[in-house]
>>> print(open('my_file-v6.cif').read())   # mmCIF, C-alpha atoms
data_target
#
loop_
_atom_site.label_atom_id
_atom_site.label_comp_id
_atom_site.auth_asym_id
_atom_site.auth_seq_id
_atom_site.Cartn_x
_atom_site.Cartn_y
_atom_site.Cartn_z
CA LEU G 3 14.05 -9.39 -19.55
CA ARG G 4 11.49 -12.14 -18.90
CA LEU G 5 7.88 -11.44 -17.96
CA GLY G 6 6.30 -13.29 -15.05
CA PRO G 7 4.23 -16.40 -15.92
CA THR G 8 0.85 -15.03 -14.84
CA PRO G 9 -2.33 -14.46 -16.88
CA ARG G 10 -1.41 -10.79 -17.12
CA GLY G 11 2.20 -11.64 -17.94
CA ASP G 12 1.07 -13.95 -20.75
CA ARG G 13 -1.09 -11.21 -22.21
CA ALA G 14 1.68 -8.62 -21.89
CA ALA G 15 4.07 -10.96 -23.70
CA ARG G 16 1.67 -11.15 -26.64
CA HIS G 17 1.12 -7.40 -26.98
CA LEU G 18 4.18 -5.53 -25.66
CA THR G 19 6.58 -4.71 -28.48
CA GLY G 20 9.15 -2.46 -26.82
CA CYS G 21 10.14 0.11 -24.22
CA GLU G 22 12.50 3.07 -24.63
CA VAL G 23 13.54 5.61 -22.00
CA HIS G 24 14.17 9.24 -22.96
CA ASP G 25 14.97 11.92 -20.38
CA GLY G 26 13.73 9.70 -17.58
CA VAL G 27 10.39 8.94 -19.26
CA ALA G 28 9.58 5.40 -20.40
CA HIS G 29 7.80 5.06 -23.75
CA VAL G 30 6.06 1.68 -24.01
CA SER G 31 4.76 0.41 -27.34
CA PHE G 32 2.12 -2.23 -28.02
CA THR G 33 0.98 -4.20 -31.04
CA HIS G 34 -2.06 -1.88 -31.26
CA ARG G 35 -4.35 0.18 -29.04
CA LEU G 36 -5.74 -1.90 -26.16
CA HIS G 37 -8.57 -1.22 -23.72
CA ASP G 38 -6.42 -2.48 -20.80
CA ALA G 39 -2.96 -1.33 -21.89
CA ARG G 40 -2.21 0.33 -18.54
CA ASP G 41 -2.89 -2.93 -16.65
CA LEU G 42 -0.26 -4.74 -18.73
CA LEU G 43 2.50 -2.59 -17.28
CA PHE G 44 2.15 -4.22 -13.85
CA VAL G 45 3.94 -7.53 -14.36
CA PRO G 46 6.85 -9.19 -12.53
CA VAL G 47 10.09 -8.97 -14.51
CA LEU G 48 13.41 -10.84 -14.22
CA PRO G 49 16.67 -10.56 -16.16
CA ALA G 50 16.75 -13.06 -19.03
CA HIS G 51 20.31 -14.20 -18.21
CA LEU G 52 18.96 -16.04 -15.15
CA PHE G 53 17.47 -18.66 -17.46
CA ASP G 54 19.18 -20.94 -19.95
CA GLY G 55 15.92 -22.15 -21.48
CA PRO G 56 12.24 -21.15 -21.62
CA THR G 57 10.63 -18.98 -18.99
CA PRO G 58 9.98 -21.21 -15.95
CA GLY G 59 6.58 -21.72 -14.40
CA PRO G 60 5.07 -19.58 -11.64
CA ASP G 61 6.43 -21.88 -8.90
CA HIS G 62 10.07 -21.39 -9.94
CA LEU G 63 12.17 -20.02 -7.08
CA GLU G 64 13.62 -17.20 -9.17
CA TRP G 65 10.21 -15.48 -9.35
CA ARG G 66 10.57 -14.91 -5.63
CA LYS G 67 13.26 -12.33 -6.41
CA PRO G 68 11.58 -9.99 -8.92
CA VAL G 69 13.24 -6.80 -10.04
CA GLY G 70 11.71 -3.81 -8.27
CA LEU G 71 12.07 -0.87 -5.91
CA GLY G 72 9.58 -1.86 -3.23
CA ALA G 73 9.52 -0.81 0.40
CA PHE G 74 10.68 -4.26 1.56
CA ALA G 75 13.21 -6.89 0.53
CA VAL G 76 12.81 -10.64 1.01
CA THR G 77 14.76 -12.08 3.93
CA SER G 78 13.39 -15.61 3.59
CA TRP G 79 10.61 -17.26 1.60
CA THR G 80 9.37 -20.80 2.10
CA ASP G 81 6.12 -22.49 1.15
CA GLU G 82 4.80 -21.55 4.58
CA GLU G 83 6.23 -18.16 5.52
CA LEU G 84 7.52 -14.96 3.96
CA VAL G 85 9.77 -12.66 6.01
CA LEU G 86 10.34 -9.13 4.71
CA ARG G 87 12.81 -6.55 6.00
CA ALA G 88 12.60 -2.82 5.44
CA ALA G 89 14.44 -1.42 2.43
CA PRO G 90 14.33 2.38 2.76
CA SER G 91 15.03 4.44 -0.35
CA SER G 92 14.36 7.86 -1.81
CA ILE G 93 11.01 6.45 -3.00
CA HIS G 94 9.89 4.41 0.00
CA GLY G 95 10.05 5.01 3.73
CA PRO G 96 8.70 1.86 5.41
CA ARG G 97 7.58 2.18 9.02
CA LEU G 98 8.19 -1.50 9.87
CA ASP G 99 11.55 -3.14 10.40
CA VAL G 100 10.32 -6.69 9.77
CA LEU G 101 7.05 -8.06 8.43
CA ARG G 102 6.21 -11.76 8.86
CA VAL G 103 3.55 -13.13 6.52
CA ARG G 104 1.89 -16.54 6.32
CA ALA G 105 -0.17 -17.91 3.45
CA GLU G 106 -2.99 -20.32 4.19
CA GLY G 107 -2.17 -23.42 6.20
CA PRO G 108 -3.53 -25.53 9.05
CA ASP G 109 -1.56 -23.68 11.73
CA ALA G 110 -1.37 -20.20 10.18
CA VAL G 111 -4.28 -18.75 12.15
CA GLU G 112 -2.95 -20.24 15.38
CA GLN G 113 0.34 -18.42 14.75
CA LEU G 114 -1.53 -15.15 14.17
CA LEU G 115 -3.51 -15.54 17.40
CA ALA G 116 -0.28 -16.33 19.28
CA GLY G 117 1.41 -13.19 17.93
CA GLU G 118 4.04 -15.11 15.95
CA VAL G 119 3.15 -13.59 12.54
CA HIS G 120 1.75 -10.24 11.43
CA VAL G 121 -0.40 -11.34 8.48
CA VAL G 122 -2.21 -14.46 7.31
CA VAL G 123 -2.97 -13.79 3.65
CA ASP G 124 -5.84 -16.27 3.27
CA VAL G 125 -7.88 -17.16 6.36
CA PRO G 126 -9.98 -20.27 5.61
CA LEU G 127 -13.74 -19.94 6.09
CA PRO G 128 -13.98 -22.25 9.14
CA GLN G 129 -11.36 -20.18 11.00
CA ARG G 130 -12.69 -16.72 10.21
CA PRO G 131 -14.94 -16.64 13.32
CA LEU G 132 -11.83 -17.28 15.46
CA VAL G 133 -10.09 -14.23 14.04
CA ALA G 134 -13.24 -12.10 14.14
CA ALA G 135 -13.70 -12.89 17.84
CA SER G 136 -10.09 -11.96 18.65
CA PRO G 137 -8.45 -8.52 18.90
CA HIS G 138 -7.04 -9.12 15.42
CA ALA G 139 -8.73 -7.90 12.24
CA LEU G 140 -10.22 -9.59 9.18
CA ARG G 141 -9.75 -7.61 5.98
CA VAL G 142 -11.44 -8.37 2.67
CA ARG G 143 -9.00 -8.82 -0.18
CA ASP G 144 -9.66 -9.13 -3.90
CA PRO G 145 -9.86 -10.67 -6.36
CA ARG G 146 -12.42 -13.26 -5.37
CA GLN G 147 -11.98 -16.92 -6.23
CA TRP G 148 -14.30 -18.59 -8.73
CA TRP G 149 -15.01 -22.20 -7.79
CA TYR G 150 -15.92 -24.58 -10.57
CA VAL G 151 -15.83 -28.16 -11.83
CA ALA G 152 -13.77 -28.62 -15.01
CA VAL G 153 -15.26 -31.24 -17.35
CA ASP G 154 -13.27 -33.52 -19.66
CA THR G 155 -15.20 -33.00 -22.90
CA GLN G 156 -13.23 -35.84 -24.53
CA HIS G 157 -14.73 -38.41 -22.15
CA PRO G 158 -17.21 -40.63 -24.05
CA TRP G 159 -20.21 -39.59 -21.93
CA LEU G 160 -19.14 -36.02 -21.09
CA SER G 161 -18.41 -35.28 -24.75
CA GLN G 162 -22.21 -35.09 -25.22
CA LEU G 163 -23.54 -31.59 -24.65
CA GLU G 164 -26.76 -33.00 -23.20
CA ALA G 165 -24.75 -34.95 -20.62
CA ARG G 166 -22.82 -31.84 -19.48
CA GLN G 167 -26.03 -29.83 -19.30
CA ALA G 168 -27.72 -32.56 -17.25
CA LEU G 169 -24.75 -32.81 -14.89
CA ASP G 170 -24.99 -29.06 -14.33
CA THR G 171 -28.74 -28.63 -13.98
CA VAL G 172 -29.12 -31.29 -11.26
CA LEU G 173 -26.82 -29.35 -8.95
CA ASP G 174 -28.42 -27.50 -6.05
CA ARG G 175 -25.91 -24.68 -5.67
CA GLU G 176 -27.72 -23.09 -2.77
CA ALA G 177 -27.33 -26.30 -0.76
CA LEU G 178 -23.64 -26.48 -1.71
CA ARG G 179 -23.16 -22.91 -0.59
CA GLN G 180 -24.87 -23.54 2.73
CA THR G 181 -22.78 -26.66 3.36
CA SER G 182 -19.35 -25.42 2.34
CA CYS G 183 -19.55 -21.69 3.02
CA GLY G 184 -22.05 -21.48 5.87
CA HIS G 185 -23.94 -18.77 3.98
CA ASP G 186 -26.07 -16.42 6.06
CA PRO G 187 -28.95 -14.94 3.97
CA ALA G 188 -28.99 -11.90 6.26
CA ASP G 189 -25.33 -11.07 5.58
CA ARG G 190 -25.14 -7.85 3.55
CA LEU G 191 -21.57 -8.66 2.44
CA PRO G 192 -21.61 -12.44 1.95
CA ALA G 193 -18.29 -14.21 1.60
CA CYS G 194 -19.80 -16.58 -0.96
CA GLU G 195 -22.05 -15.72 -3.91
CA LEU G 196 -23.55 -17.90 -6.63
CA ILE G 197 -22.27 -17.42 -10.17
CA SER G 198 -23.12 -18.82 -13.58
CA GLY G 199 -19.94 -18.03 -15.47
CA PRO G 200 -16.71 -16.06 -15.43
CA GLN G 201 -17.16 -13.16 -13.04
CA LEU G 202 -15.59 -10.31 -14.96
CA PRO G 203 -15.98 -6.61 -14.18
CA SER G 204 -17.41 -6.34 -17.69
CA SER G 205 -20.10 -8.94 -16.92
CA PRO G 206 -22.77 -7.29 -14.75
CA ASP G 207 -24.75 -9.23 -12.15
CA TYR G 208 -27.75 -9.90 -14.37
CA ASP G 209 -25.47 -11.57 -16.91
CA ARG G 210 -23.37 -13.74 -14.63
CA ARG G 211 -26.42 -15.13 -12.84
CA LEU G 212 -28.19 -16.40 -15.95
CA ARG G 213 -28.46 -20.00 -14.79
CA VAL G 214 -28.40 -19.72 -11.01
CA ASP G 215 -31.50 -21.07 -9.31
CA ASP G 216 -32.60 -21.20 -5.68
CA GLY G 217 -32.55 -24.93 -5.12
CA ALA G 218 -35.04 -25.97 -7.78
CA ALA G 219 -32.54 -28.62 -8.91
CA ALA G 220 -33.27 -30.79 -5.86
CA GLY G 221 -34.88 -34.07 -6.87
CA ARG G 222 -33.93 -33.95 -10.54
CA ARG G 223 -32.43 -37.06 -12.14
CA VAL G 224 -30.25 -37.62 -15.19
CA ALA G 225 -32.19 -39.59 -17.80
CA THR G 226 -29.21 -41.42 -19.34
CA PRO G 227 -26.33 -41.62 -16.85
CA PRO G 228 -22.84 -42.96 -17.67
CA THR G 229 -22.35 -46.72 -17.49
CA THR G 230 -19.19 -46.42 -15.38
CA PRO G 231 -18.47 -44.03 -12.47
CA LEU G 232 -16.96 -40.64 -13.27
CA ARG G 233 -13.63 -39.96 -11.55
CA LEU G 234 -13.52 -36.63 -9.72
CA GLY G 235 -10.16 -35.29 -8.55
CA TYR G 236 -9.32 -32.38 -6.28
CA ASP G 237 -6.48 -30.81 -4.35
CA ALA G 238 -6.78 -32.06 -0.78
CA GLY G 239 -6.03 -28.54 0.44
CA ILE G 240 -9.37 -27.15 -0.76
CA GLU G 241 -11.14 -28.90 2.09
CA ARG G 242 -9.74 -26.19 4.36
CA ALA G 243 -11.17 -23.44 2.17
CA ALA G 244 -14.59 -24.96 1.39
CA PRO G 245 -15.20 -27.92 3.69
CA GLY G 246 -17.83 -30.37 2.53
CA LEU G 247 -17.97 -29.11 -1.06
CA VAL G 248 -16.68 -32.28 -2.71
CA ALA G 249 -18.83 -34.53 -0.55
CA GLY G 250 -21.85 -32.39 -1.44
CA LEU G 251 -21.14 -32.63 -5.17
CA VAL G 252 -20.74 -36.40 -5.03
CA ALA G 253 -23.92 -36.80 -2.96
CA GLN G 254 -26.02 -34.68 -5.32
CA TRP G 255 -24.80 -36.37 -8.50
CA THR G 256 -25.22 -39.82 -6.94
CA ALA G 257 -28.79 -38.94 -5.90
CA ALA G 258 -29.45 -37.86 -9.51
CA GLY G 259 -28.30 -41.24 -10.81
CA VAL G 260 -24.75 -40.30 -11.87
CA PRO G 261 -22.10 -42.46 -10.17
CA VAL G 262 -19.07 -40.40 -9.11
CA VAL G 263 -15.94 -41.47 -7.24
CA ALA G 264 -13.86 -38.70 -5.64
CA GLU G 265 -10.13 -38.78 -4.98
CA ALA G 266 -8.17 -36.26 -2.91
CA VAL G 267 -4.66 -35.55 -4.23
CA PRO G 268 -1.92 -34.17 -1.96
CA SER G 269 -1.29 -30.50 -2.75
CA GLU G 270 2.34 -31.08 -3.71
CA ALA G 271 1.27 -33.61 -6.39
CA TRP G 272 -1.83 -31.81 -7.66
CA SER G 273 -0.33 -29.92 -10.62
CA ALA G 274 1.13 -33.11 -12.09
CA ARG G 275 -1.97 -35.27 -11.61
CA ARG G 276 -5.02 -33.06 -12.10
CA ASP G 277 -5.46 -33.87 -15.81
CA ARG G 278 -6.04 -37.57 -15.04
CA TYR G 279 -9.64 -37.11 -13.91
CA ASP G 280 -12.98 -36.84 -15.71
CA LEU G 281 -14.06 -34.03 -13.39
CA VAL G 282 -11.82 -31.61 -11.50
CA VAL G 283 -12.87 -29.32 -8.65
CA ASP G 284 -10.75 -26.21 -8.82
CA ARG G 285 -10.67 -22.46 -8.24
CA TRP G 286 -9.46 -19.54 -10.31
CA ARG G 287 -8.18 -16.25 -9.01
CA ALA G 288 -7.56 -13.83 -11.85
CA ASP G 289 -5.12 -10.97 -11.50
CA ALA G 290 -5.81 -7.41 -12.62
CA SER G 291 -6.23 -8.63 -16.21
CA ASP G 292 -9.55 -10.22 -17.14
CA ASP G 293 -7.84 -12.43 -19.73
CA LEU G 294 -9.31 -15.95 -19.63
CA GLN G 295 -7.13 -17.39 -22.39
CA PRO G 296 -4.92 -19.35 -19.93
CA LEU G 297 -8.04 -20.97 -18.43
CA LEU G 298 -10.27 -21.54 -21.47
CA GLY G 299 -8.23 -20.88 -24.62
CA THR G 300 -6.73 -23.61 -26.76
CA GLY G 301 -3.34 -24.50 -25.28
CA GLY G 302 -3.91 -22.35 -22.18
CA ARG G 303 -1.57 -23.07 -19.26
CA HIS G 304 -4.48 -23.74 -16.87
CA ASN G 305 -6.79 -25.42 -19.41
CA VAL G 306 -6.72 -28.70 -17.51
CA HIS G 307 -8.59 -30.94 -19.98
CA GLY G 308 -7.41 -29.24 -23.16
CA TRP G 309 -10.80 -27.70 -24.00
CA SER G 310 -10.48 -26.43 -27.57
CA ASP G 311 -13.41 -24.63 -29.15
CA PRO G 312 -13.23 -22.25 -32.16
CA ARG G 313 -16.00 -19.97 -30.90
CA THR G 314 -14.40 -19.65 -27.46
CA ASP G 315 -11.02 -18.82 -29.04
CA GLU G 316 -12.68 -16.29 -31.36
CA LEU G 317 -14.36 -14.45 -28.49
CA LEU G 318 -11.22 -14.51 -26.37
CA ALA G 319 -9.28 -13.02 -29.29
CA THR G 320 -11.97 -10.39 -29.87
CA TRP G 321 -11.78 -9.36 -26.23
CA ALA G 322 -7.96 -9.33 -26.30
CA VAL G 323 -7.67 -6.90 -29.23
CA ALA G 324 -10.62 -4.66 -28.30
CA GLU G 325 -9.65 -0.99 -28.34
CA ARG G 326 -12.72 0.24 -26.44
CA ASP G 327 -14.20 -0.88 -23.14
CA THR G 328 -17.61 -1.31 -24.76
CA ASP G 329 -16.18 -3.72 -27.34
CA ALA G 330 -14.46 -5.71 -24.59
CA ARG G 331 -17.71 -5.83 -22.62
CA ASP G 332 -19.70 -7.09 -25.60
CA ALA G 333 -17.16 -9.85 -26.22
CA ALA G 334 -17.24 -10.84 -22.53
CA HIS G 335 -21.04 -11.05 -22.58
CA ALA G 336 -21.00 -13.22 -25.71
CA LEU G 337 -18.34 -15.46 -24.17
CA HIS G 338 -20.38 -15.84 -21.01
CA ALA G 339 -23.48 -16.87 -22.95
CA HIS G 340 -21.49 -19.35 -25.07
CA LEU G 341 -19.89 -20.97 -22.02
CA ALA G 342 -23.29 -21.17 -20.33
CA GLU G 343 -24.44 -23.28 -23.27
CA GLN G 344 -21.35 -25.46 -23.80
CA ARG G 345 -20.41 -25.97 -20.12
CA PRO G 346 -16.72 -26.90 -20.28
CA LEU G 347 -16.74 -25.60 -16.69
CA LEU G 348 -19.61 -25.97 -14.25
CA TYR G 349 -19.49 -22.77 -12.19
CA LEU G 350 -20.48 -23.06 -8.54
CA PHE G 351 -19.84 -19.87 -6.55
CA ASP G 352 -17.26 -17.23 -5.87
CA LEU G 353 -15.55 -16.88 -2.52
CA ASP G 354 -13.94 -13.72 -1.27
CA GLY G 355 -10.50 -13.64 0.26
CA ARG G 356 -10.04 -12.38 3.81
CA SER G 357 -6.72 -11.73 5.46
CA GLY G 358 -5.96 -11.85 9.15
CA MET G 359 -4.08 -8.80 10.43
CA ALA G 360 -2.37 -8.60 13.81
CA ALA G 361 -3.94 -6.11 16.20
CA SER G 362 -0.58 -4.35 16.46
CA LEU G 363 -0.59 -3.55 12.72
CA ARG G 364 -2.03 -0.10 11.97
CA ASN G 365 -2.76 1.94 8.86
CA THR G 366 -3.09 -1.23 6.80
CA ALA G 367 -4.66 -1.11 3.36
CA ILE G 368 -4.92 -4.00 0.92
CA ALA G 369 -4.99 -2.90 -2.70
CA PRO G 370 -7.39 -4.93 -4.87
CA ALA G 371 -4.89 -6.12 -7.47
CA GLU G 372 -1.50 -5.96 -5.74
CA TYR G 373 -1.47 -7.01 -2.10
CA TYR G 374 1.37 -4.77 -0.93
CA THR G 375 0.86 -1.72 -3.15
CA ASP G 376 0.34 0.62 -0.18
CA VAL G 377 2.49 -1.10 2.44
CA ASP G 378 4.62 1.99 3.11
CA GLY G 379 2.16 3.32 5.64
CA TRP G 380 1.81 0.12 7.66
CA GLU G 381 3.20 0.42 11.18
CA LEU G 382 3.39 -1.51 14.44
CA ARG G 383 2.01 -0.18 17.71
CA PRO G 384 1.91 -1.82 21.13
#
>>> encode(input="my_file-v6.cif", output="structure tokens")
Amino acid sequence: LRLGPTPRGDRAARHLTGCEVHDGVAHVSFTHRLHDARDLLFVPVLPAHLFDGPTPGPDHLEWRKPVGLGAFAVTSWTDEELVLRAAPSSIHGPRLDVLRVRAEGPDAVEQLLAGEVHVVVDVPLPQRPLVAASPHALRVRDPRQWWYVAVDTQHPWLSQLEARQALDTVLDREALRQTSCGHDPADRLPACELISGPQLPSSPDYDRRLRVDDGAAAGRRVATPPTTPLRLGYDAGIERAAPGLVAGLVAQWTAAGVPVVAEAVPSEAWSARRDRYDLVVDRWRADASDDLQPLLGTGGRHNVHGWSDPRTDELLATWAVAERDTDARDAAHALHAHLAEQRPLLYLFDLDGRSGMAASLRNTAIAPAEYYTDVDGWELRP
């Protein structure tokens, strides 16, 4: 069997050592006791004979056919739409014959409002008022996205810690949040919240807001800016999710004396080109595992600029092998503080996910970690 190429799948591959079934009971063994061992059991799995070589990346078509006994089977799956048909069994009794699902996209919400799809998984911020004002429903879904700027620490100017700190401290995050998220201070459940580091369940609010200010950065200037403009790259698709964010970053850094040139990259070319830039605007959505090794560890799949730091690796390893929750928490706190000092990533804010649900869908529940965990009870009514 091959484990799915996700952060949780990577961690499971490192620590799962075997599984034996006796009298209908599976006995799973690990390298040692782990504080999150139960989470590692929820990974996509495919038969190894499907692949001649290494496990393919997360975009490989075969991962769209995982082994499982869910309530639905895939009828068709494109980059734009997923169509599921009911697959009744002794375990599941789905109440829908067909479920049509759209991811994010420029016309996804229009299709929901026209009754052409049942679900839009990610409704962009600018279109959420349209759904909220319609008979359809907006449902909060986790996990939230962390938005950040990845810094190339091998760049001559950015390799200096003082330069990275200056680039970070001149940012007015409150202004960025107002521009790109339309933040309402009176909102008790804001879609967008400021963060100062990786937002882990084991990092309480007081810890992950260490460096967040309320706009005091306005008017600051960088004493020794770079002699040539920094190149900032981003996936053109993020403009739908956080409009104006890139323009706001460029404007603030330019006003602080740091020349920055931004370049939008088409979404289909982003994965291949994102490591060509000095600065990268990106977002991270962790799965049920809090493992940050793929994002920040040496050789991590999503470590865009190849950040390699012994202390970061040490803390990631300490967290990974922790047997108790308290040990994992302490390692997460130490990692947060270290990243706040070194700034390989400049954290901006987190943004919740909200799905659009057709008014005819009833009894819907979105599980925090797995979107369709409780889909059995979903049903259609006129």
>>> residues_around(input="my_file-v6.cif", residues="G:Gly184", least_positions_apart="3", cutoff="12 Å", atoms="all atoms listed in the file", output="PyMOL selection string")
chain G and resi 127-131+176-181+187-189+192-195+243-247+353
>>> resolve_selection(input="my_file-v6.cif", expression="the PyMOL selection byres ((chain G and resi 265) around 6)", output="list in words")
Gly235, Ala264 and Ala266 of chain G
>>> residues_around(input="my_file-v6.cif", residues="G:Gln167", least_positions_apart="4", cutoff="10 Å", atoms="only C-alpha atoms", output="PyMOL selection string")
chain G and resi 160+162-163+171-172+224+342-346+348
>>> closest_residue(input="my_file-v6.cif", among="G:Pro137, G:Pro268, G:Pro261, G:Pro126", to="G:Arg233", atoms="all atoms listed in the file")
G:Pro261
>>> residues_around(input="my_file-v6.cif", residues="stretch 30-33 of chain G", least_positions_apart="5", cutoff="9 Å", atoms="only C-alpha atoms", output="PyMOL selection string")
chain G and resi 14+16-23+39+43
>>> resolve_selection(input="my_file-v6.cif", expression="the PyMOL selection byres ((chain G and resi 95) around 10)", output="PDB file with C-alpha atoms, in the coordinates of the input")
ATOM      1  CA  GLY G  72       9.580  -1.860  -3.230  1.00  0.00           C
ATOM      2  CA  ALA G  73       9.520  -0.810   0.400  1.00  0.00           C
ATOM      3  CA  PHE G  74      10.680  -4.260   1.560  1.00  0.00           C
ATOM      4  CA  ALA G  88      12.600  -2.820   5.440  1.00  0.00           C
ATOM      5  CA  ALA G  89      14.440  -1.420   2.430  1.00  0.00           C
ATOM      6  CA  PRO G  90      14.330   2.380   2.760  1.00  0.00           C
ATOM      7  CA  SER G  91      15.030   4.440  -0.350  1.00  0.00           C
ATOM      8  CA  SER G  92      14.360   7.860  -1.810  1.00  0.00           C
ATOM      9  CA  ILE G  93      11.010   6.450  -3.000  1.00  0.00           C
ATOM     10  CA  HIS G  94       9.890   4.410   0.000  1.00  0.00           C
ATOM     11  CA  PRO G  96       8.700   1.860   5.410  1.00  0.00           C
ATOM     12  CA  ARG G  97       7.580   2.180   9.020  1.00  0.00           C
ATOM     13  CA  LEU G  98       8.190  -1.500   9.870  1.00  0.00           C
ATOM     14  CA  VAL G 377       2.490  -1.100   2.440  1.00  0.00           C
ATOM     15  CA  ASP G 378       4.620   1.990   3.110  1.00  0.00           C
ATOM     16  CA  GLY G 379       2.160   3.320   5.640  1.00  0.00           C
TER      17      GLY G 379
END
>>> axis_aligned_box(input="my_file-v6.cif", around="stretch 342-347 of chain G", padding_each_side="6 Å", output="AutoDock Vina command-line options")
--center_x -20.6 --center_y -24.0 --center_z -20.2 --size_x 19.7 --size_y 17.7 --size_z 19.1
>>> closest_residue(input="my_file-v6.cif", among="G:Gly301, G:Gly308, G:Gly355, G:Gly117", to="G:Ala105", atoms="all atoms listed in the file")
G:Gly355
>>> atom_distance(input="my_file-v6.cif", atom1="atom CA of G:Leu196", atom2="atom CA of G:Arg285")
13.8 Å
>>> resolve_selection(input="my_file-v6.cif", expression="the PyMOL selection byres ((chain G and resi 225) around 12)", output="list in words")
Glu164, Ala165, Gln167, Ala168, Leu169, Val172, Arg222, Arg223, Val224, Thr226, Pro227, Pro228, Ala258, Gly259 and Val260 of chain G
>>> atom_distance(input="my_file-v6.cif", atom1="atom CA of G:Thr320", atom2="atom CA of G:Ala333")
6.4 Å
